[in-house]
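*Asks:* So here's query.txt, just compact mmCIF, C-alpha atoms:
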# COMPACT_ATOMS: atom_id res chain seq x y z
CA MET A 162 -7.75 -19.30 -31.36
CA ALA A 163 -8.66 -16.50 -28.96
CA GLN A 164 -8.85 -19.11 -26.23
CA ASP A 165 -5.34 -20.32 -27.02
CA LEU A 166 -4.09 -16.74 -27.09
CA ALA A 167 -5.53 -16.07 -23.62
CA ALA A 168 -4.19 -19.37 -22.26
CA HIS A 169 -0.75 -18.66 -23.69
CA ALA A 170 -0.80 -15.16 -22.16
CA SER A 171 -1.62 -16.46 -18.70
CA SER A 172 0.97 -19.24 -18.72
CA ARG A 173 3.65 -16.87 -19.99
CA GLN A 174 2.69 -14.42 -17.27
CA SER A 175 3.14 -17.16 -14.69
CA VAL A 176 6.72 -17.71 -15.91
CA ILE A 177 7.43 -13.97 -15.71
CA ALA A 178 6.03 -13.80 -12.17
CA GLN A 179 8.40 -16.61 -11.15
CA ASN A 180 11.30 -14.62 -12.59
CA ILE A 181 10.32 -11.52 -10.63
CA ALA A 182 9.80 -13.49 -7.42
CA ASN A 183 13.29 -14.94 -7.84
CA ALA A 184 14.89 -11.63 -8.86
CA ASP A 185 17.21 -11.83 -5.82
CA THR A 186 17.79 -15.59 -5.62
CA PRO A 187 21.49 -16.38 -6.16
CA GLY A 188 22.14 -18.53 -9.22
CA TYR A 189 18.62 -18.23 -10.62
CA LYS A 190 18.39 -18.09 -14.42
CA ALA A 191 15.66 -15.97 -16.02
CA ARG A 192 13.26 -18.01 -18.16
CA ASP A 193 10.72 -17.17 -20.81
CA MET A 194 8.22 -18.89 -23.06
CA ALA A 195 8.17 -18.77 -26.86
CA THR A 196 5.84 -16.05 -28.17
CA PHE A 197 2.38 -17.05 -29.30
CA ALA A 198 3.23 -16.36 -32.93
CA ASP A 199 6.19 -18.73 -32.81
CA SER A 200 4.48 -21.59 -31.02
CA PHE A 201 1.37 -21.16 -33.20
CA ARG A 202 3.39 -21.29 -36.40
CA GLU A 203 5.21 -24.38 -35.17
CA THR A 204 2.05 -26.34 -34.34
CA THR A 205 0.19 -25.31 -37.49
CA HIS A 206 3.21 -26.35 -39.49
CA ILE A 207 3.16 -29.80 -37.88
CA ARG A 208 -0.59 -30.14 -38.42
CA ALA A 209 -0.37 -29.00 -42.01
CA SER A 210 2.22 -31.65 -42.79
CA SER A 211 0.32 -34.49 -41.07
CA HIS A 212 -3.18 -33.48 -42.25
CA PRO A 213 -2.80 -31.81 -45.64
CA VAL A 214 -5.89 -29.65 -46.01
CA ARG A 215 -6.38 -26.80 -48.47
CA ALA A 216 -3.35 -24.50 -48.65
CA GLY A 217 -3.64 -21.42 -46.42
CA HIS A 218 -6.30 -23.11 -44.35
CA ILE A 219 -5.60 -22.83 -40.65
CA ALA A 220 -7.07 -25.55 -38.47
CA LEU A 221 -9.06 -24.11 -35.58
CA GLY A 222 -7.58 -24.55 -32.15
CA ALA A 223 -4.19 -25.28 -33.62
CA GLY A 224 -2.40 -22.89 -31.29
CA ASN A 225 -0.15 -24.20 -28.59
CA ALA A 226 -1.27 -22.88 -25.22
CA SER A 227 2.04 -23.53 -23.50
CA GLY A 228 5.10 -22.93 -25.61
CA ASP A 229 8.54 -24.24 -24.76
CA ILE A 230 10.16 -22.69 -21.70
CA PHE A 231 13.79 -21.75 -22.19
CA ASP A 232 16.45 -19.68 -20.46
CA SER A 233 16.37 -16.10 -21.61
CA ALA A 234 18.55 -13.42 -20.13
CA ALA A 235 18.74 -9.83 -21.28
CA PHE A 236 22.21 -8.89 -22.48
CA GLY A 237 24.61 -8.08 -19.65
CA SER A 238 22.08 -8.66 -16.90
CA GLU A 239 24.00 -11.32 -15.00
CA SER A 240 24.90 -10.15 -11.53
CA PRO A 241 27.91 -11.41 -9.52
CA ASN A 242 25.78 -13.98 -7.67
CA GLY A 243 24.80 -15.66 -10.95
CA ASN A 244 21.27 -14.28 -11.17
CA THR A 245 20.20 -13.24 -14.66
CA VAL A 246 16.83 -11.54 -13.96
CA SER A 247 16.52 -7.94 -15.11
CA LEU A 248 13.43 -6.35 -13.53
CA GLU A 249 12.94 -3.80 -16.34
CA ASP A 250 13.10 -6.49 -18.98
CA GLN A 251 10.58 -8.63 -17.11
CA LEU A 252 8.15 -5.72 -16.64
CA VAL A 253 8.25 -4.97 -20.37
CA ARG A 254 7.44 -8.60 -21.09
CA ALA A 255 4.62 -8.49 -18.55
CA ALA A 256 3.11 -5.45 -20.27
CA ASP A 257 3.31 -7.33 -23.57
CA VAL A 258 1.49 -10.30 -22.04
CA LYS A 259 -1.22 -8.08 -20.57
CA HIS A 260 -1.82 -6.56 -23.98
CA GLN A 261 -2.06 -10.01 -25.54
CA HIS A 262 -4.55 -11.16 -22.91
CA ASP A 263 -6.69 -8.04 -23.36
CA LEU A 264 -6.70 -8.64 -27.10
CA ALA A 265 -7.85 -12.24 -26.66
CA LEU A 266 -10.63 -11.27 -24.25
CA GLY A 267 -11.70 -8.45 -26.59
CA ILE A 268 -12.10 -10.95 -29.42
CA TYR A 269 -14.03 -13.24 -27.07
CA ALA A 270 -16.39 -10.46 -26.03
CA LYS A 271 -16.89 -9.41 -29.62
CA SER A 272 -17.82 -12.91 -30.74
CA ILE A 273 -20.26 -13.21 -27.86
CA ASN A 274 -21.86 -9.94 -28.99
CA ILE A 275 -22.11 -11.21 -32.55
CA LEU A 276 -23.80 -14.39 -31.32
CA ARG A 277 -26.20 -12.25 -29.31
CA ALA A 278 -26.95 -10.15 -32.36
CA GLY A 279 -27.65 -13.37 -34.26
CA MET A 280 -30.18 -14.28 -31.59
CA GLY A 281 -31.77 -10.85 -31.93
CA ARG A 282 -30.70 -9.31 -28.65
CA ILE A 283 -28.44 -6.42 -29.50
CA ARG A 284 -27.09 -4.55 -26.56
CA MET B 38 -7.17 -19.37 -14.80
CA GLY B 39 -4.92 -21.87 -13.01
CA ASP B 40 -1.86 -20.13 -14.41
CA LEU B 41 -3.11 -16.79 -13.16
CA LEU B 42 -3.53 -18.23 -9.67
CA ASN B 43 0.03 -19.63 -9.89
CA THR B 44 1.18 -16.15 -10.86
CA MET B 45 -0.43 -14.72 -7.76
CA ALA B 46 1.15 -17.42 -5.57
CA SER B 47 4.63 -16.69 -6.97
CA SER B 48 4.18 -12.96 -6.45
CA VAL B 49 2.97 -13.46 -2.90
CA SER B 50 5.98 -15.63 -2.06
CA GLY B 51 8.23 -12.93 -3.52
CA MET B 52 6.54 -10.23 -1.48
CA SER B 53 6.82 -12.15 1.79
CA ALA B 54 10.50 -12.90 1.12
CA GLN B 55 11.22 -9.23 0.45
CA ALA B 56 9.26 -8.25 3.56
CA ALA B 57 11.42 -10.60 5.66
CA ARG B 58 14.53 -9.01 4.18
CA LEU B 59 13.20 -5.53 4.95
CA ARG B 60 12.45 -6.57 8.53
CA LEU B 61 16.02 -7.79 9.05
CA ALA B 62 17.39 -4.56 7.57
CA SER B 63 15.35 -2.56 10.07
CA GLU B 64 16.49 -4.81 12.93
CA ASN B 65 20.08 -4.22 11.90
CA ILE B 66 19.57 -0.46 11.75
CA ALA B 67 17.86 -0.44 15.14
CA ASN B 68 20.84 -2.27 16.65
CA ALA B 69 23.52 -0.28 14.85
CA ASP B 70 24.84 1.04 18.18
CA THR B 71 24.39 -2.12 20.26
CA PRO B 72 27.85 -3.30 21.45
CA GLY B 73 28.73 -6.76 20.14
CA TYR B 74 25.78 -6.94 17.71
CA ARG B 75 26.41 -8.83 14.48
CA ARG B 76 24.22 -7.96 11.50
CA LYS B 77 21.70 -10.56 10.42
CA LEU B 78 21.53 -11.83 6.84
CA VAL B 79 18.98 -14.01 5.12
CA PRO B 80 19.57 -15.97 1.89
CA PHE B 81 16.87 -16.36 -0.77
CA GLU B 82 16.29 -19.76 -2.26
CA GLN B 83 13.96 -21.15 -4.88
CA ILE B 84 11.38 -23.71 -3.73
CA VAL B 85 12.19 -26.59 -6.03
CA ASN B 86 8.77 -28.04 -6.76
CA GLY B 87 6.68 -25.12 -5.60
CA ALA B 88 5.90 -23.65 -9.05
CA GLY B 89 8.92 -21.35 -9.03
CA ALA B 90 8.12 -19.69 -5.73
CA VAL B 91 10.82 -18.19 -3.51
CA ARG B 92 11.42 -18.41 0.23
CA THR B 93 13.92 -17.14 2.73
CA GLY B 94 16.41 -19.59 4.19
CA ASP B 95 17.82 -19.66 7.72
CA VAL B 96 18.94 -16.37 9.20
CA HIS B 97 22.68 -16.26 9.76
CA LEU B 98 25.02 -13.72 11.29
CA ASP B 99 27.59 -11.69 9.42
CA THR B 100 31.01 -12.93 10.61
CA THR B 101 33.03 -9.86 9.67
CA SER B 102 34.96 -8.49 12.62
CA LEU B 103 33.25 -6.08 14.98
CA GLU B 104 34.25 -2.46 14.86
CA ARG B 105 36.60 -1.45 17.68
CA VAL B 106 35.78 1.96 19.09
CA TYR B 107 38.08 3.90 21.41
CA GLU B 108 36.00 5.32 24.26
CA PRO B 109 37.56 4.85 27.72
CA SER B 110 34.49 6.21 29.53
CA HIS B 111 32.23 3.53 28.02
CA PRO B 112 31.07 0.96 30.62
CA MET B 113 32.10 -1.95 28.35
CA ALA B 114 35.51 -0.55 27.50
CA GLY B 115 38.47 -2.80 28.30
CA ASP B 116 41.77 -1.84 29.93
CA ASP B 117 43.07 -0.33 26.68
CA GLY B 118 39.98 1.92 26.36
CA TYR B 119 38.51 0.07 23.34
CA PHE B 120 35.14 -1.68 23.15
CA GLU B 121 33.61 -3.74 20.38
CA SER B 122 30.66 -2.05 18.70
CA SER B 123 28.38 -3.67 16.10
CA ASN B 124 29.45 -4.54 12.55
CA VAL B 125 26.40 -2.81 11.01
CA ASN B 126 27.16 -0.42 8.18
CA LEU B 127 24.23 1.98 7.84
CA MET B 128 24.96 2.67 4.16
CA ILE B 129 24.70 -1.03 3.30
CA GLU B 130 21.50 -1.46 5.30
CA VAL B 131 19.79 1.54 3.70
CA ALA B 132 20.77 0.40 0.21
CA ASP B 133 19.56 -3.13 0.98
CA ALA B 134 16.24 -1.81 2.29
CA ARG B 135 15.76 0.30 -0.83
CA GLU B 136 16.50 -2.67 -3.06
CA ALA B 137 14.02 -4.81 -1.13
CA GLN B 138 11.40 -2.10 -1.58
CA ARG B 139 11.92 -1.99 -5.35
CA SER B 140 11.64 -5.77 -5.66
CA TYR B 141 8.54 -5.74 -3.48
CA GLU B 142 6.95 -3.17 -5.79
CA ALA B 143 7.74 -5.28 -8.85
CA ASN B 144 6.10 -8.31 -7.24
CA LEU B 145 3.11 -6.21 -6.23
CA ARG B 146 2.73 -4.95 -9.78
CA MET B 147 2.76 -8.52 -11.12
CA PHE B 148 0.13 -9.48 -8.55
CA ASP B 149 -2.05 -6.54 -9.53
CA GLN B 150 -1.72 -7.38 -13.21
CA ALA B 151 -2.76 -11.00 -12.58
CA ARG B 152 -5.71 -9.70 -10.58
CA GLN B 153 -6.77 -7.42 -13.43
CA MET B 154 -6.50 -10.27 -15.92
CA THR B 155 -8.60 -12.52 -13.67
CA SER B 156 -11.28 -9.92 -13.16
CA SER B 157 -11.52 -9.12 -16.87
CA LEU B 158 -11.87 -12.86 -17.48
CA LEU B 159 -14.69 -13.04 -14.94
CA GLU B 160 -16.25 -9.96 -16.50
CA LEU B 161 -17.02 -12.09 -19.58
CA LEU B 162 -19.30 -14.28 -17.49
CA ARG B 163 -21.23 -11.32 -16.21
CA ARG B 164 -22.51 -10.23 -19.60
Please lay out the structure from this file as structure tokens.
*Replies:*
Amino acid sequence: MAQDLAAHASSRQSVIAQNIANADTPGYKARDMATFADSFRETTHIRASSHPVRAGHIALGAGNASGDIFDSAAFGSESPNGNTVSLEDQLVRAADVKHQHDLALGIYAKSINILRAGMGRIR
Amino acid sequence: MGDLLNTMASSVSGMSAQAARLRLASENIANADTPGYRRKLVPFEQIVNGAGAVRTGDVHLDTTSLERVYEPSHPMAGDDGYFESSNVNLMIEVADAREAQRSYEANLRMFDQARQMTSSLLELLRR
């Protein structure tokens, strides 16, 4: 799950970087990816209906690393040349993604430490 | 990891496009007093299958009419005492340069963030 979270964060960041690179391209529409929570819920829902396991049981690795990409423009951000990228909006999203990635790597590091402790090498 | 490298590539293309725009703005400012100079413009366009990267298109000249200045002592002045100066408006060029700088910074920040994410990912291997 942490792996999916990190993968989702990096692919969403790639979409945001494309938006920022094209912040001055005429006619470019800002895009974004569904949040991890949304895409995760969607895939677990599908899995739960096709493989009915115990209720409340989340299958491991059920997250969707790359959610759907859709047009997303902040309200009133369209400029006269048809570009809908708002730099502030994109930077806020980028900060969100960075936080998500840090969280995933923190969980990773923690589980590695726990494995180490299990092997008797506590650092 | 591949996505992070794509992020860096997009940011780099954005930075080089903004740098080209800044260079043209400075060329225009340098030639603001050159008689007959037309300001240069560059369009931005998305590279279609280049993972959302951006590039600058062909440079073209601004076709608005040149400013006519009355100065009979000027060597290029005609019989009526007017000569054609450049069509560079310093206000527009300075504003354009400032906008290019802001966009460049935003791209640079995205690049730096991708770099931080990559290095924290590699940090896991070093444990």
*Asks:* If the cut-off is 8 Å, can you tell me the residues of chain B near chain A, counting only C-alpha atoms? I'd like them as a PyMOL selection string.
*Replies:* chain B and resi 38+40-41+43-45+47-48+50-52+80-83+88-91+140+143-144+147+150-151+154+157-158+161
*Asks:* How many Å lie between atom CA of B:Val131 and atom CA of B:Tyr74, rounded to one decimal?
*Replies:* 17.4 Å
*Asks:* Can you build me a table of stretch 45-90 of chain B residues sitting at most 9 Å from stretch 134-137 of chain B, with the closest atom pair per residue and its distance in Å to one decimal, using all atoms listed in the file, sorted by chain and residue number, as CSV?
*Replies:*
residue,atom,partner,partner_atom,distance
B:Gln55,CA,B:Ala137,CA,5.5
B:Ala56,CA,B:Ala137,CA,7.5
B:Arg58,CA,B:Ala137,CA,6.8
B:Leu59,CA,B:Ala134,CA,5.5
B:Arg60,CA,B:Ala134,CA,8.7
B:Ala62,CA,B:Ala134,CA,6.1
B:Ser63,CA,B:Ala134,CA,7.9
*Asks:* Let me have the centre and edge lengths of the axis-aligned box enclosing all listed atoms of stretch 49-68 of chain B with 8 Å padding on every side, in Å to one decimal, as lines of an AutoDock Vina configuration file.
*Replies:*
center_x = 11.9
center_y = -8.0
center_z = 6.6
size_x = 33.9
size_y = 31.2
size_z = 36.2
*Asks:* Give me the residues near stretch 105-120 of chain B as an MDAnalysis selection string, where near means some atom within 12 Å (using only C-alpha atoms) and where sequence neighbours in that chain fewer than 5 positions away do not count.
*Replies:* chainID B and resid 70:73
*Asks:* From (27.9, -3.9, 15.4), in the file's coordinates, out to 6 Å: which residues are reached, counting all atoms listed in the file? Answer as a PyMOL selection string.
*Replies:* chain B and resi 69+73-75+103+122-125
*Asks:* Give me, please, the distance in Å between atom CA of B:Val79 and atom CA of B:Leu61, quoted to one decimal.
*Replies:* 7.9 Å
*Asks:* Could you tell me how far atom CA of A:Leu276 lies from atom CA of B:Ser156, in Å and to one decimal?
*Replies:* 22.5 Å
*Asks:* From (6.9, -24.3, -32.0), in the file's coordinates, out to 8 Å: which residues are reached, counting all atoms listed in the file? Answer as an mmCIF file with C-alpha atoms, in the coordinates of the input.
*Replies:*
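Full text of out_6.cif as output:
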data_model
loop_
_atom_site.group_PDB
_atom_site.id
_atom_site.type_symbol
_atom_site.label_atom_id
_atom_site.label_comp_id
_atom_site.auth_asym_id
_atom_site.auth_seq_id
_atom_site.Cartn_x
_atom_site.Cartn_y
_atom_site.Cartn_z
ATOM 1 C CA ALA A 195 8.170 -18.770 -26.860
ATOM 2 C CA ASP A 199 6.190 -18.730 -32.810
ATOM 3 C CA SER A 200 4.480 -21.590 -31.020
ATOM 4 C CA PHE A 201 1.370 -21.160 -33.200
ATOM 5 C CA ARG A 202 3.390 -21.290 -36.400
ATOM 6 C CA GLU A 203 5.210 -24.380 -35.170
ATOM 7 C CA THR A 204 2.050 -26.340 -34.340
ATOM 8 C CA ASN A 225 -0.150 -24.200 -28.590
ATOM 9 C CA GLY A 228 5.100 -22.930 -25.610
ATOM 10 C CA ASP A 229 8.540 -24.240 -24.760
#
*Asks:* Could you check which of B:Asp149, B:Glu130, B:Glu121, B:Asp95 is closest to B:Leu42, using only C-alpha atoms?
*Replies:* B:Asp149
*Asks:* If you keep N, CA and C atoms, can you output stretch 164-192 of chain A as a compact mmCIF listing (two decimals), in the first residue's frame?
*Replies:*
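The result, written out as out-v5.txt:
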# COMPACT_ATOMS: atom_id res chain seq x y z
N GLN A 164 3.78 1.37 -1.19
CA GLN A 164 4.38 1.41 -2.53
C GLN A 164 3.44 2.08 -3.52
N ASP A 165 2.16 1.72 -3.44
CA ASP A 165 1.17 2.34 -4.33
C ASP A 165 1.05 3.83 -4.07
N LEU A 166 1.11 4.18 -2.77
CA LEU A 166 1.00 5.60 -2.40
C LEU A 166 2.16 6.38 -3.01
N ALA A 167 3.38 5.83 -2.90
CA ALA A 167 4.55 6.52 -3.45
C ALA A 167 4.46 6.60 -4.97
N ALA A 168 4.01 5.50 -5.60
CA ALA A 168 3.91 5.50 -7.07
C ALA A 168 2.86 6.49 -7.54
N HIS A 169 1.75 6.55 -6.81
CA HIS A 169 0.70 7.51 -7.16
C HIS A 169 1.23 8.93 -7.03
N ALA A 170 1.98 9.18 -5.93
CA ALA A 170 2.52 10.53 -5.71
C ALA A 170 3.43 10.93 -6.85
N SER A 171 4.30 10.01 -7.30
CA SER A 171 5.24 10.43 -8.34
C SER A 171 4.54 10.59 -9.68
N SER A 172 3.52 9.76 -9.99
CA SER A 172 2.87 9.99 -11.30
C SER A 172 2.01 11.25 -11.26
N ARG A 173 1.42 11.55 -10.10
CA ARG A 173 0.64 12.79 -10.05
C ARG A 173 1.56 14.00 -10.15
N GLN A 174 2.76 13.87 -9.56
CA GLN A 174 3.70 14.99 -9.65
C GLN A 174 4.14 15.22 -11.08
N SER A 175 4.25 14.13 -11.84
CA SER A 175 4.63 14.28 -13.25
C SER A 175 3.57 15.07 -14.00
N VAL A 176 2.29 14.81 -13.72
CA VAL A 176 1.21 15.56 -14.37
C VAL A 176 1.29 17.04 -14.01
N ILE A 177 1.56 17.31 -12.72
CA ILE A 177 1.63 18.71 -12.28
C ILE A 177 2.80 19.43 -12.94
N ALA A 178 3.93 18.72 -13.07
CA ALA A 178 5.10 19.34 -13.72
C ALA A 178 4.79 19.69 -15.17
N GLN A 179 4.00 18.82 -15.85
CA GLN A 179 3.61 19.14 -17.23
C GLN A 179 2.76 20.40 -17.27
N ASN A 180 1.86 20.52 -16.28
CA ASN A 180 1.03 21.73 -16.23
C ASN A 180 1.89 22.97 -16.08
N ILE A 181 2.88 22.90 -15.18
CA ILE A 181 3.70 24.09 -14.92
C ILE A 181 4.57 24.40 -16.13
N ALA A 182 5.09 23.35 -16.79
CA ALA A 182 5.91 23.59 -17.98
C ALA A 182 5.08 24.27 -19.06
N ASN A 183 3.78 23.93 -19.13
CA ASN A 183 2.92 24.49 -20.17
C ASN A 183 2.09 25.66 -19.66
N ALA A 184 2.58 26.31 -18.59
CA ALA A 184 1.79 27.40 -17.98
C ALA A 184 1.60 28.57 -18.94
N ASP A 185 2.41 28.67 -20.00
CA ASP A 185 2.28 29.78 -20.93
C ASP A 185 1.95 29.32 -22.35
N THR A 186 1.58 28.04 -22.50
CA THR A 186 1.25 27.53 -23.84
C THR A 186 -0.19 27.89 -24.17
N PRO A 187 -0.44 28.61 -25.27
CA PRO A 187 -1.82 28.98 -25.60
C PRO A 187 -2.69 27.75 -25.80
N GLY A 188 -3.89 27.77 -25.23
CA GLY A 188 -4.84 26.69 -25.46
C GLY A 188 -4.62 25.45 -24.62
N TYR A 189 -3.61 25.46 -23.74
CA TYR A 189 -3.35 24.28 -22.93
C TYR A 189 -4.34 24.19 -21.78
N LYS A 190 -4.88 22.99 -21.53
CA LYS A 190 -5.82 22.81 -20.43
C LYS A 190 -5.12 22.11 -19.27
N ALA A 191 -5.26 22.68 -18.07
CA ALA A 191 -4.64 22.08 -16.89
C ALA A 191 -5.25 20.70 -16.63
N ARG A 192 -4.41 19.75 -16.23
CA ARG A 192 -4.90 18.40 -15.95
C ARG A 192 -4.52 17.99 -14.54
